[in-house]
Structures are given as structure tokens and as C-alpha cells.
>>> print(open('protein_0.cif').read())   # mmCIF, C-alpha atoms and all ligand atoms
data_final
loop_
_atom_site.label_atom_id
_atom_site.label_comp_id
_atom_site.auth_asym_id
_atom_site.auth_seq_id
_atom_site.Cartn_x
_atom_site.Cartn_y
_atom_site.Cartn_z
CA MET N 249 7.76 3.20 -11.54
CA GLY N 250 10.10 0.33 -10.76
CA VAL N 251 11.92 -1.66 -13.39
CA GLY N 252 9.82 -4.48 -14.77
CA ILE N 253 9.04 -6.55 -17.81
CA HIS N 254 6.49 -4.94 -20.13
CA SER N 255 4.79 -7.90 -21.82
CA LEU N 256 4.10 -11.58 -21.83
CA ASP N 257 5.96 -12.18 -25.09
CA HIS N 258 4.90 -15.79 -25.67
CA PHE N 259 4.27 -19.13 -24.02
CA SER N 260 5.62 -22.49 -25.05
CA LEU N 261 3.96 -25.86 -24.52
CA VAL N 262 4.69 -29.41 -25.48
CA VAL N 263 1.69 -31.43 -26.61
CA PRO N 264 1.35 -35.04 -27.72
CA ASP N 265 -0.24 -34.25 -31.09
CA LEU N 266 0.72 -31.19 -33.12
CA GLU N 267 -1.98 -31.82 -35.73
CA GLU N 268 -4.62 -31.79 -33.03
CA ALA N 269 -3.15 -28.57 -31.63
CA ALA N 270 -3.18 -26.97 -35.09
CA ALA N 271 -6.81 -27.93 -35.69
CA PHE N 272 -7.90 -26.68 -32.26
CA TYR N 273 -6.23 -23.26 -32.45
CA ASP N 274 -7.06 -22.75 -36.12
CA ARG N 275 -10.71 -23.31 -35.26
CA PHE N 276 -10.31 -20.99 -32.26
CA GLY N 277 -9.55 -18.19 -34.71
CA LEU N 278 -5.78 -17.99 -34.54
CA GLN N 279 -3.26 -18.22 -37.37
CA VAL N 280 -1.33 -21.43 -36.89
CA ARG N 281 1.99 -21.69 -38.70
CA SER N 282 4.13 -24.75 -39.05
CA ALA N 283 7.87 -24.18 -38.88
CA GLY N 284 10.16 -27.19 -38.79
CA ASP N 285 9.10 -29.41 -35.91
CA GLU N 286 6.96 -26.80 -34.17
CA LEU N 287 3.76 -24.79 -34.50
CA THR N 288 3.51 -21.10 -33.75
CA LEU N 289 0.38 -19.11 -32.94
CA HIS N 290 -0.35 -15.69 -34.40
CA THR N 291 -3.36 -13.40 -34.62
CA ALA N 292 -4.69 -11.86 -37.81
CA ALA N 293 -3.80 -8.39 -36.53
CA SER N 294 -0.06 -8.85 -36.05
CA ALA N 295 2.93 -10.94 -37.02
CA HIS N 296 3.84 -11.53 -33.39
CA ARG N 297 4.40 -15.10 -32.24
CA TRP N 298 2.17 -15.52 -29.18
CA GLY N 299 2.61 -19.23 -28.60
CA ARG N 300 4.80 -22.18 -29.54
CA PHE N 301 3.97 -25.88 -29.55
CA ARG N 302 6.43 -28.69 -29.75
CA SER N 303 5.87 -32.40 -29.61
CA GLY N 304 6.14 -34.29 -26.32
CA ALA N 305 4.76 -37.33 -24.52
CA ALA N 306 2.11 -35.37 -22.58
CA LYS N 307 0.87 -31.78 -22.51
CA ALA N 308 3.21 -29.69 -20.38
CA LEU N 309 4.21 -26.11 -19.85
CA ASP N 310 7.63 -25.69 -21.47
CA TYR N 311 8.43 -22.05 -20.64
CA LEU N 312 7.05 -18.50 -20.42
CA SER N 313 8.85 -15.68 -22.21
CA PHE N 314 8.49 -12.08 -21.00
CA GLY N 315 9.40 -8.99 -23.04
CA ALA N 316 11.55 -6.20 -21.56
CA PHE N 317 13.20 -2.93 -22.57
CA ALA N 318 16.93 -3.20 -23.37
CA GLU N 319 17.94 -0.64 -20.73
CA ASP N 320 16.38 -2.79 -17.99
CA VAL N 321 18.38 -5.94 -18.73
CA PRO N 322 21.23 -5.17 -16.26
CA THR N 323 18.67 -4.74 -13.47
CA PHE N 324 17.20 -8.19 -14.12
CA HIS N 325 20.70 -9.69 -13.95
CA GLU N 326 21.36 -7.85 -10.66
CA ARG N 327 18.11 -9.10 -9.17
CA LEU N 328 18.81 -12.69 -10.17
CA ARG N 329 22.31 -12.48 -8.67
CA ALA N 330 21.02 -10.90 -5.45
CA ARG N 331 18.50 -13.72 -5.04
CA ARG N 332 21.01 -16.37 -6.08
CA VAL N 333 18.85 -17.53 -8.97
CA ALA N 334 21.09 -19.26 -11.50
CA THR N 335 20.88 -18.10 -15.11
CA LEU N 336 20.83 -20.94 -17.59
CA PRO N 337 22.05 -21.37 -21.15
CA ALA N 338 19.30 -20.81 -23.71
CA PRO N 339 17.66 -24.16 -24.49
CA ALA N 340 18.35 -25.62 -27.93
CA HIS N 341 14.83 -24.75 -29.09
CA ALA N 342 14.97 -21.10 -27.89
CA VAL N 343 13.88 -18.53 -30.49
CA ASP N 344 17.46 -17.21 -30.25
CA ASP N 345 20.15 -17.07 -27.57
CA SER N 346 19.65 -13.42 -26.61
CA GLY N 347 17.34 -13.92 -23.62
CA ILE N 348 17.97 -14.39 -19.91
CA TRP N 349 16.88 -17.89 -18.87
CA PHE N 350 16.19 -19.09 -15.32
CA ARG N 351 13.71 -21.10 -13.28
CA ASP N 352 11.19 -19.83 -10.76
CA ASP N 353 10.81 -21.49 -7.34
CA ASP N 354 8.52 -24.16 -8.83
CA GLY N 355 11.07 -25.04 -11.49
CA THR N 356 9.07 -23.36 -14.27
CA LEU N 357 11.42 -22.17 -17.00
CA ILE N 358 11.33 -18.41 -17.67
CA GLU N 359 12.89 -16.21 -20.33
CA ILE N 360 13.24 -12.43 -20.23
CA ARG N 361 14.01 -11.15 -23.71
CA VAL N 362 14.39 -7.71 -25.23
CA ALA N 363 11.33 -7.40 -27.40
CA GLU N 364 8.69 -5.06 -28.71
CA LYS N 365 6.01 -4.19 -26.16
CA VAL N 366 3.02 -6.30 -27.16
CA SER N 367 0.87 -5.63 -24.11
CA PRO N 368 -1.57 -2.78 -24.78
CA ASP N 369 -0.77 0.81 -23.74
CA THR N 370 -4.43 1.67 -23.24
CA LYS N 371 -7.58 -0.19 -22.49
CA SER N 372 -8.57 -2.23 -25.53
CA SER N 373 -11.54 -0.95 -27.51
CA VAL N 374 -14.97 -2.43 -27.00
CA SER N 375 -17.30 -2.95 -29.91
CA ASN N 376 -20.67 -4.12 -28.64
CA SER N 377 -22.58 -2.79 -31.61
CA THR N 378 -26.27 -2.25 -31.76
CA ALA N 379 -28.58 -1.40 -34.62
CA PRO N 380 -30.84 1.60 -35.11
CA PRO N 381 -34.61 1.08 -34.98
CA GLY N 382 -35.94 -0.81 -38.00
CA VAL N 383 -32.64 -2.65 -38.66
CA ALA N 384 -31.78 -6.23 -37.65
CA ALA N 385 -28.55 -6.22 -35.67
CA MET N 386 -27.52 -9.81 -36.23
CA PRO N 387 -26.83 -11.85 -39.37
CA LEU N 388 -28.25 -15.28 -40.14
CA ARG N 389 -26.25 -17.98 -38.46
CA VAL N 390 -24.88 -19.13 -41.80
CA ASP N 391 -23.48 -15.65 -42.30
CA ALA N 392 -21.92 -15.36 -38.84
CA PRO N 393 -18.46 -13.84 -39.20
CA ALA N 394 -15.36 -15.75 -38.13
CA VAL N 395 -14.05 -14.71 -34.72
CA GLN N 396 -10.50 -13.44 -34.81
CA PRO N 397 -8.92 -12.79 -31.40
CA ARG N 398 -6.88 -9.58 -31.40
CA ARG N 399 -4.01 -10.65 -29.17
CA LEU N 400 -2.87 -12.85 -26.30
CA SER N 401 -3.99 -11.31 -23.03
CA HIS N 402 -2.57 -13.62 -20.36
CA VAL N 403 -1.85 -17.12 -19.17
CA LEU N 404 -2.62 -18.82 -15.86
CA ILE N 405 -0.05 -21.26 -14.55
CA PHE N 406 -0.03 -23.53 -11.52
CA THR N 407 2.32 -23.09 -8.58
CA ASN N 408 2.91 -24.87 -5.29
CA ASP N 409 2.78 -21.61 -3.41
CA VAL N 410 0.91 -18.54 -4.67
CA ALA N 411 2.43 -16.15 -2.09
CA ARG N 412 5.92 -17.31 -3.03
CA ALA N 413 5.14 -16.76 -6.72
CA ILE N 414 3.87 -13.22 -6.03
CA ASP N 415 7.12 -12.50 -4.22
CA PHE N 416 9.33 -14.03 -6.92
CA TYR N 417 7.63 -12.47 -9.94
CA GLY N 418 7.45 -9.13 -8.14
CA ALA N 419 11.09 -9.14 -7.01
CA ILE N 420 12.68 -10.49 -10.21
CA LEU N 421 10.39 -9.53 -13.09
CA GLY N 422 8.96 -6.42 -11.45
CA LEU N 423 5.34 -7.48 -11.91
CA GLY N 424 2.73 -5.71 -9.79
CA LEU N 425 0.10 -7.56 -7.79
CA SER N 426 -3.33 -6.77 -9.24
CA ASP N 427 -5.62 -8.84 -7.02
CA ALA N 428 -5.58 -12.07 -5.04
CA ALA N 429 -8.22 -14.53 -3.88
CA GLY N 430 -7.00 -16.06 -0.63
CA ASP N 431 -3.98 -18.27 -1.21
CA ALA N 432 -5.70 -19.89 -4.19
CA VAL N 433 -5.19 -17.43 -7.07
CA ALA N 434 -3.25 -14.22 -7.73
CA PHE N 435 -3.12 -11.91 -10.74
CA MET N 436 -0.10 -9.81 -11.75
CA HIS N 437 0.35 -6.96 -14.25
CA GLY N 438 3.18 -5.24 -16.07
CA VAL N 439 4.18 -1.84 -14.65
CA HIS N 440 4.44 -0.21 -18.09
CA GLY N 441 0.69 -0.51 -18.64
CA SER N 442 -1.00 -3.84 -19.23
CA ASP N 443 -4.20 -5.79 -18.90
CA HIS N 444 -5.27 -6.53 -15.33
CA HIS N 445 -3.04 -9.59 -15.57
CA LEU N 446 -0.32 -10.82 -17.90
CA VAL N 447 0.10 -13.86 -15.75
CA ALA N 448 -2.00 -15.43 -13.03
CA PHE N 449 -1.06 -18.14 -10.55
CA GLY N 450 -3.30 -20.93 -9.31
CA LYS N 451 -2.42 -23.16 -6.39
CA SER N 452 -1.69 -26.79 -7.16
CA ASP N 453 0.65 -29.55 -6.07
CA ALA N 454 2.80 -29.13 -9.18
CA PRO N 455 3.62 -26.54 -11.83
CA GLY N 456 1.61 -26.61 -15.04
CA PHE N 457 -0.31 -24.65 -17.64
CA HIS N 458 -4.00 -23.93 -16.98
CA HIS N 459 -5.08 -21.58 -19.76
CA CYS N 460 -4.16 -19.00 -22.32
CA SER N 461 -6.54 -16.10 -22.85
CA TRP N 462 -7.24 -14.21 -26.05
CA ASP N 463 -8.76 -10.76 -26.30
CA VAL N 464 -11.82 -10.32 -28.55
CA GLU N 465 -13.60 -7.06 -29.33
CA SER N 466 -17.16 -7.90 -28.24
CA VAL N 467 -19.28 -10.08 -26.01
CA ASN N 468 -20.79 -11.36 -29.24
CA ASP N 469 -17.36 -12.65 -30.28
CA VAL N 470 -17.02 -14.51 -26.97
CA GLY N 471 -20.31 -16.30 -27.66
CA LEU N 472 -19.72 -16.81 -31.37
CA GLY N 473 -16.26 -18.21 -30.75
CA ALA N 474 -17.56 -20.67 -28.16
CA MET N 475 -20.42 -21.74 -30.47
CA ASN N 476 -18.03 -22.25 -33.35
CA MET N 477 -15.78 -24.42 -31.17
CA ALA N 478 -18.80 -26.42 -29.95
CA ASP N 479 -19.85 -27.00 -33.57
CA ALA N 480 -16.45 -28.69 -34.07
CA GLY N 481 -16.96 -30.92 -31.03
CA HIS N 482 -15.23 -28.74 -28.45
CA THR N 483 -18.28 -28.54 -26.24
CA ARG N 484 -16.51 -28.78 -22.89
CA GLY N 485 -15.46 -25.64 -21.10
CA TRP N 486 -16.95 -22.87 -19.00
CA GLY N 487 -18.91 -19.80 -19.94
CA LEU N 488 -20.40 -17.43 -20.79
CA GLY N 489 -19.64 -15.60 -17.58
CA ARG N 490 -18.09 -12.52 -16.11
CA HIS N 491 -15.13 -12.54 -13.78
CA VAL N 492 -14.89 -10.40 -10.66
CA LEU N 493 -11.09 -10.01 -10.57
CA GLY N 494 -10.18 -8.59 -13.98
CA SER N 495 -13.86 -8.01 -14.83
CA ASN N 496 -13.63 -9.74 -18.20
CA PHE N 497 -16.41 -11.61 -19.93
CA PHE N 498 -15.14 -15.16 -20.45
CA HIS N 499 -15.73 -18.42 -22.17
CA TYR N 500 -13.10 -21.10 -21.65
CA VAL N 501 -12.91 -23.84 -24.26
CA ARG N 502 -11.30 -27.04 -23.05
CA ASP N 503 -8.38 -28.07 -25.24
CA PRO N 504 -7.66 -31.72 -26.11
CA TRP N 505 -5.35 -32.06 -23.06
CA GLY N 506 -7.48 -30.71 -20.20
CA SER N 507 -6.24 -27.12 -20.21
CA TYR N 508 -8.20 -24.22 -21.68
CA SER N 509 -8.15 -21.46 -24.25
CA GLU N 510 -10.23 -18.47 -23.14
CA TYR N 511 -12.14 -15.91 -25.18
CA SER N 512 -11.86 -12.74 -23.08
CA HIS N 513 -13.56 -9.40 -23.55
CA ASP N 514 -13.32 -6.07 -21.73
CA ILE N 515 -10.67 -7.00 -19.16
CA ASP N 516 -9.65 -4.25 -16.72
CA PHE N 517 -6.57 -2.21 -17.71
CA ILE N 518 -3.88 -1.05 -15.30
CA PRO N 519 -2.10 2.07 -16.60
CA SER N 520 1.61 2.68 -16.25
CA ASN N 521 1.05 5.46 -13.74
CA GLY N 522 -0.28 2.88 -11.30
CA GLY N 523 -3.14 4.03 -9.15
CA TRP N 524 -4.41 0.48 -8.84
CA GLN N 525 -5.11 -0.85 -5.37
CA PRO N 526 -4.92 -4.66 -5.11
CA HIS N 527 -8.01 -6.34 -3.74
CA HIS N 528 -7.65 -9.31 -1.40
CA VAL N 529 -10.88 -11.26 -1.51
CA SER N 530 -12.15 -14.71 -0.56
CA PRO N 531 -12.10 -17.21 -3.45
CA ASP N 532 -15.91 -17.52 -3.31
CA ASN N 533 -16.32 -13.79 -3.70
CA GLY N 534 -13.68 -13.22 -6.35
CA PHE N 535 -14.04 -16.08 -8.81
CA TYR N 536 -16.94 -14.97 -11.00
CA LEU N 537 -19.78 -12.51 -10.82
CA TRP N 538 -22.19 -14.55 -12.92
CA GLY N 539 -22.16 -17.55 -15.23
CA PRO N 540 -22.89 -21.25 -15.16
CA LEU N 541 -21.26 -23.48 -12.55
CA PRO N 542 -17.68 -24.27 -13.55
CA PRO N 543 -16.93 -27.88 -14.51
CA PRO N 544 -15.91 -29.91 -11.44
CA ASP N 545 -12.35 -30.35 -12.75
CA PHE N 546 -11.93 -26.75 -13.92
CA VAL N 547 -8.91 -26.12 -11.71
CA PHE N 548 -7.50 -29.64 -11.93
CA ASN N 549 -3.87 -29.71 -12.94
CA TYR N 550 -3.65 -32.44 -15.56
CA GLU N 551 0.10 -31.99 -15.74
CA SER N 552 0.28 -33.02 -12.12
CA ALA N 553 -1.93 -36.02 -12.87
CA SER N 554 0.25 -37.09 -15.77
CA ALA N 555 3.34 -36.59 -13.62
CA GLU N 556 1.79 -38.91 -11.05
CA LEU N 557 0.81 -41.38 -13.72
CA VAL N 558 4.38 -41.41 -14.99
CA ARG N 559 5.71 -41.79 -11.44
CA ASP N 560 3.29 -44.67 -10.76
CA THR N 561 4.23 -46.38 -13.99
CA VAL N 562 7.92 -46.07 -13.20
CA ALA N 563 7.30 -47.33 -9.64
CA SER N 564 5.31 -50.34 -10.88
CA GLU N 565 7.97 -51.16 -13.44
CA ARG N 566 10.59 -51.16 -10.70
CA ALA N 567 8.50 -53.18 -8.25
FE FE N 601 -8.10 -15.90 -17.89
#
>>> encode(input="protein_0.cif", output="C-alpha cells")
Amino acid sequence: MGVGIHSLDHFSLVVPDLEEAAAFYDRFGLQVRSAGDELTLHTAASAHRWGRFRSGAAKALDYLSFGAFAEDVPTFHERLRARRVATLPAPAHAVDDSGIWFRDDDGTLIEIRVAEKVSPDTKSSVSNSTAPPGVAAMPLRVDAPAVQPRRLSHVLIFTNDVARAIDFYGAILGLGLSDAAGDAVAFMHGVHGSDHHLVAFGKSDAPGFHHCSWDVESVNDVGLGAMNMADAGHTRGWGLGRHVLGSNFFHYVRDPWGSYSEYSHDIDFIPSNGGWQPHHVSPDNGFYLWGPLPPPDFVFNYESASAELVRDTVASERA
């Protein structure tokens, strides 16, 4: 096994309205904590910080942080030097200054930090319960339990060049290619055992954040979570469906800024001993096995749109 990061430690976004972010993710079933001028996302099952939100003019990906074992740190430094990727000082809002900071080829800010492995070591348990004869399996709607995602599974970010991202994240972070759909999407896993993907890349004309995905223990939780979000007005999204690449049941709930938070169940697991053969499929064949049609703007990069809007505004001001 080559040297590689073991986990997606957390993601960081800026959003225009922290209160709106808190309400959305609280309703989604996460524990939202307020600390100074930021929000952090946690799950009921662990104290780990899976996400950070700070205030900014428009929703934007701030950085991705990956967890690594301490003994592998020198190798990451060597790889960055060999590829002439500059390491950067930790930003002022970094969790601490212990991590290695750099940018990928799209300019997306990345941290590798020594951290506890928070990606699973085995395939996550599945709890699609049934009832014996003579017993009703489901509660009344009023008694429906709250959905509590177990952990962050992955994020999907936009890149200008999916093949270049596969090369970069493979060569520097040691991620393995899980599967790819043409030059449109690719999925990468950690080599110490992880979900089918810790990070996925979607082709766009600019970097950006498409979705975060949260593991739940049953298909029922995917549906209940989506219904609960719809009851609070978050009716836009995509699901219920089942992916081909990764195999997970999904329901994506559109957040207030045009990106998504996904309920995911029963995603494929890639063990640390490898044995996984990447599939290269056409986008049509690999996107989803079944489900409703995705919304027309499902893969639209709203960060690119806002970047253009800002550029246009600046251009018109200068004209
Ligand atoms: Fe996903």
C-alpha cells in the first residue's frame, strides 16, 4: 500500500448567512455549534468537526482538510517538493498551524493534517429493519424518529480538468481512483480503507463545492430525512435514487445557495488491502441506476456563476 491520507477530515465553506446555514444543517440532523464567528458541524455519534462555515459575500468552497498518519508527513512534503507545489502558511482561520497547506491545480486550498482516522475501517452497518408477521413496522408519522446522520462520507468539488485532478490527488495525497465516468466525474478513495469515495470531482469551468454527503443507517432514514427537510420548505433536490458508481441510495437536498447536502446509505467500501478495480464508464451509464430525473441545474456550479456575476459587475463599474 502506498502512502496516502486516510480521511477527509473536514470541509470549510463561506456562506452569506450563518443563521440560514445553522437552520438548514440543524434540520438536516446534524449538531451545529457556534464558536466565535463560525459554525461547526458535528454528528450525534462523535465529537469530530466535519464541517466549518464562515461568513462571506457568496457561498464558496474555502478549503478541504485531509487527515493523515504522523509517519507519512515527510512523504507528503517530498511529493509537494518534487512537483514544485508551494506550501503555504496556515491561514488565520486554520484550526491550528500544524497542517500542511497548499493549492491544487485549480487553486483549491488543501490541508493535510495529522488527525484521527475518521473514515470507516469496514463497511458501515445497514439497518433496513422489518417486522415479524402481525406487527406494524412503521410508526405514525407524528412519531417518526429524527434522522441523525452517522458521519460525513464525502464531498464533491468542481474542477477544470478531472484527469488532472485524478493525477494530482493520486500523486500528492495518495488517493486511489475508484471509478470514473468519462471526463465528467471521478471518484477517489483513501488507501487505508474508506468509502468508495472520500472526494469526487465534477467537471466545470471553475472550482467550487457541489455537495457534502452524510451516511445514514437505512433507506428509511434517507426518505425520512428528505421528507423532514421538505416539511421545512427544502423541497428542491434529487432523490430517492440509487447511484451506479458507489452504489449508494441517495437523496440530495438543495441548500440555500444552490449546492447540496446528501443523505447516503449503503455506499460501497474499498478495503485497505485494495482489490478494487476502477470502472471507466460513460456518464449516461454511470450516473444513477434508478430515480427521478435530476433537476436541470443539478451539476451547475453556482460558484462559477457568482464569480461571473462579480466579474461582470466589476467590468460594468469600470466601463
Ligand atoms: Fe455524493
>>> closest_residue(input="protein_0.cif", among="N:Asp479, N:Glu551, N:Glu359, N:Asp369", to="Asn521 (chain N)", atoms="only C-alpha atoms")
N:Asp369
>>> residues_around(input="protein_0.cif", residues="Pro337 (chain N)", least_positions_apart="2", cutoff="12 Å", atoms="only C-alpha atoms", output="PyMOL selection string")
chain N and resi 334-335+339-342+344-351+357-359
>>> residues_near_ligand(input="protein_0.cif", ligand="ligand FE 601 (chain N)", cutoff="12 Å", atoms="only C-alpha atoms and all ligand atoms", output="PyMOL selection string")
chain N and resi 400-405+433-436+443-450+457-463+486-487+489-501+507-516+535-536+547
>>> write_last_selection(input="protein_0.cif", atoms="C-alpha atoms", output="JSON list (two decimals), keeping the file's coordinate frame")
[["chain", "number", "residue", "atom", "x", "y", "z"],
["N", 400, "LEU", "CA", -2.87, -12.85, -26.30],
["N", 401, "SER", "CA", -3.99, -11.31, -23.03],
["N", 402, "HIS", "CA", -2.57, -13.62, -20.36],
["N", 403, "VAL", "CA", -1.85, -17.12, -19.17],
["N", 404, "LEU", "CA", -2.62, -18.82, -15.86],
["N", 405, "ILE", "CA", -0.05, -21.26, -14.55],
["N", 433, "VAL", "CA", -5.19, -17.43, -7.07],
["N", 434, "ALA", "CA", -3.25, -14.22, -7.73],
["N", 435, "PHE", "CA", -3.12, -11.91, -10.74],
["N", 436, "MET", "CA", -0.10, -9.81, -11.75],
["N", 443, "ASP", "CA", -4.20, -5.79, -18.90],
["N", 444, "HIS", "CA", -5.27, -6.53, -15.33],
["N", 445, "HIS", "CA", -3.04, -9.59, -15.57],
["N", 446, "LEU", "CA", -0.32, -10.82, -17.90],
["N", 447, "VAL", "CA", 0.10, -13.86, -15.75],
["N", 448, "ALA", "CA", -2.00, -15.43, -13.03],
["N", 449, "PHE", "CA", -1.06, -18.14, -10.55],
["N", 450, "GLY", "CA", -3.30, -20.93, -9.31],
["N", 457, "PHE", "CA", -0.31, -24.65, -17.64],
["N", 458, "HIS", "CA", -4.00, -23.93, -16.98],
["N", 459, "HIS", "CA", -5.08, -21.58, -19.76],
["N", 460, "CYS", "CA", -4.16, -19.00, -22.32],
["N", 461, "SER", "CA", -6.54, -16.10, -22.85],
["N", 462, "TRP", "CA", -7.24, -14.21, -26.05],
["N", 463, "ASP", "CA", -8.76, -10.76, -26.30],
["N", 486, "TRP", "CA", -16.95, -22.87, -19.00],
["N", 487, "GLY", "CA", -18.91, -19.80, -19.94],
["N", 489, "GLY", "CA", -19.64, -15.60, -17.58],
["N", 490, "ARG", "CA", -18.09, -12.52, -16.11],
["N", 491, "HIS", "CA", -15.13, -12.54, -13.78],
["N", 492, "VAL", "CA", -14.89, -10.40, -10.66],
["N", 493, "LEU", "CA", -11.09, -10.01, -10.57],
["N", 494, "GLY", "CA", -10.18, -8.59, -13.98],
["N", 495, "SER", "CA", -13.86, -8.01, -14.83],
["N", 496, "ASN", "CA", -13.63, -9.74, -18.20],
["N", 497, "PHE", "CA", -16.41, -11.61, -19.93],
["N", 498, "PHE", "CA", -15.14, -15.16, -20.45],
["N", 499, "HIS", "CA", -15.73, -18.42, -22.17],
["N", 500, "TYR", "CA", -13.10, -21.10, -21.65],
["N", 501, "VAL", "CA", -12.91, -23.84, -24.26],
["N", 507, "SER", "CA", -6.24, -27.12, -20.21],
["N", 508, "TYR", "CA", -8.20, -24.22, -21.68],
["N", 509, "SER", "CA", -8.15, -21.46, -24.25],
["N", 510, "GLU", "CA", -10.23, -18.47, -23.14],
["N", 511, "TYR", "CA", -12.14, -15.91, -25.18],
["N", 512, "SER", "CA", -11.86, -12.74, -23.08],
["N", 513, "HIS", "CA", -13.56, -9.40, -23.55],
["N", 514, "ASP", "CA", -13.32, -6.07, -21.73],
["N", 515, "ILE", "CA", -10.67, -7.00, -19.16],
["N", 516, "ASP", "CA", -9.65, -4.25, -16.72],
["N", 535, "PHE", "CA", -14.04, -16.08, -8.81],
["N", 536, "TYR", "CA", -16.94, -14.97, -11.00],
["N", 547, "VAL", "CA", -8.91, -26.12, -11.71]]
>>> atom_distance(input="protein_0.cif", atom1="CA of Glu326 (chain N)", atom2="CA of Arg361 (chain N)")
15.3 Å
>>> closest_residue(input="protein_0.cif", among="N:Ala474, N:Ala419, N:Val395, N:Ile253", to="Thr291 (chain N)", atoms="only C-alpha atoms")
N:Val395
>>> residues_near_point(input="protein_0.cif", point="(9.1, -8.2, -26.2)", cutoff="7 Å", atoms="only C-alpha atoms", output="list in words")
Ser255, Asp257, Phe314, Gly315, Ala316, Arg361, Val362, Ala363, Glu364, Lys365 and Val366 of chain N
>>> atom_distance(input="protein_0.cif", atom1="CA of Ser375 (chain N)", atom2="CA of Gly277 (chain N)")
17.8 Å
>>> closest_residue(input="protein_0.cif", among="N:Met477, N:Ala308, N:Ala292, N:Leu541", to="Ala454 (chain N)", atoms="all atoms listed in the file")
N:Ala308
>>> closest_residue(input="protein_0.cif", among="N:Val263, N:Gly534, N:Ala271, N:Lys307", to="Glu286 (chain N)", atoms="only C-alpha atoms")
N:Val263
>>> closest_residue(input="protein_0.cif", among="N:Glu465, N:Asp391, N:Asp274, N:Asp409", to="Asp353 (chain N)", atoms="all atoms listed in the file")
N:Asp409
>>> closest_residue(input="protein_0.cif", among="N:Val280, N:Ala428, N:Met386, N:Leu256", to="Ser442 (chain N)", atoms="only C-alpha atoms")
N:Leu256
>>> atom_distance(input="protein_0.cif", atom1="CA of Gly304 (chain N)", atom2="CA of Gly485 (chain N)")
23.8 Å
>>> residues_around(input="protein_0.cif", residues="Gly523 (chain N)", least_positions_apart="2", cutoff="12 Å", atoms="only C-alpha atoms", output="ChimeraX atom specification")
/N:249,424,426,439,441,517-521,525-526
>>> residues_around(input="protein_0.cif", residues="Leu289 (chain N)", least_positions_apart="5", cutoff="12 Å", atoms="all atoms listed in the file", output="JSON, numbers by chain")
{"N": [257, 258, 259, 260, 261, 269, 270, 271, 272, 273, 274, 276, 277, 278, 279, 280, 281, 282, 283, 294, 295, 296, 297, 298, 299, 300, 301, 302, 397, 399, 400, 460, 462]}
>>> residues_near_point(input="protein_0.cif", point="(-11.5, -12.1, 0.3)", cutoff="10 Å", atoms="all atoms listed in the file", output="PyMOL selection string")
chain N and resi 427-431+527-534
>>> write_last_selection(input="protein_0.cif", atoms="C-alpha atoms", output="PDB file, in the coordinates of the input")
ATOM      1  CA  ASP N 427      -5.620  -8.840  -7.020  1.00  0.00           C
ATOM      2  CA  ALA N 428      -5.580 -12.070  -5.040  1.00  0.00           C
ATOM      3  CA  ALA N 429      -8.220 -14.530  -3.880  1.00  0.00           C
ATOM      4  CA  GLY N 430      -7.000 -16.060  -0.630  1.00  0.00           C
ATOM      5  CA  ASP N 431      -3.980 -18.270  -1.210  1.00  0.00           C
ATOM      6  CA  HIS N 527      -8.010  -6.340  -3.740  1.00  0.00           C
ATOM      7  CA  HIS N 528      -7.650  -9.310  -1.400  1.00  0.00           C
ATOM      8  CA  VAL N 529     -10.880 -11.260  -1.510  1.00  0.00           C
ATOM      9  CA  SER N 530     -12.150 -14.710  -0.560  1.00  0.00           C
ATOM     10  CA  PRO N 531     -12.100 -17.210  -3.450  1.00  0.00           C
ATOM     11  CA  ASP N 532     -15.910 -17.520  -3.310  1.00  0.00           C
ATOM     12  CA  ASN N 533     -16.320 -13.790  -3.700  1.00  0.00           C
ATOM     13  CA  GLY N 534     -13.680 -13.220  -6.350  1.00  0.00           C
TER      14      GLY N 534
END
>>> residues_around(input="protein_0.cif", residues="Arg389 (chain N)", least_positions_apart="5", cutoff="12 Å", atoms="only C-alpha atoms", output="PDB file with C-alpha atoms, in the coordinates of the input")
ATOM      1  CA  ALA N 394     -15.360 -15.750 -38.130  1.00  0.00           C
ATOM      2  CA  LEU N 472     -19.720 -16.810 -31.370  1.00  0.00           C
ATOM      3  CA  MET N 475     -20.420 -21.740 -30.470  1.00  0.00           C
ATOM      4  CA  ASN N 476     -18.030 -22.250 -33.350  1.00  0.00           C
TER       5      ASN N 476
END
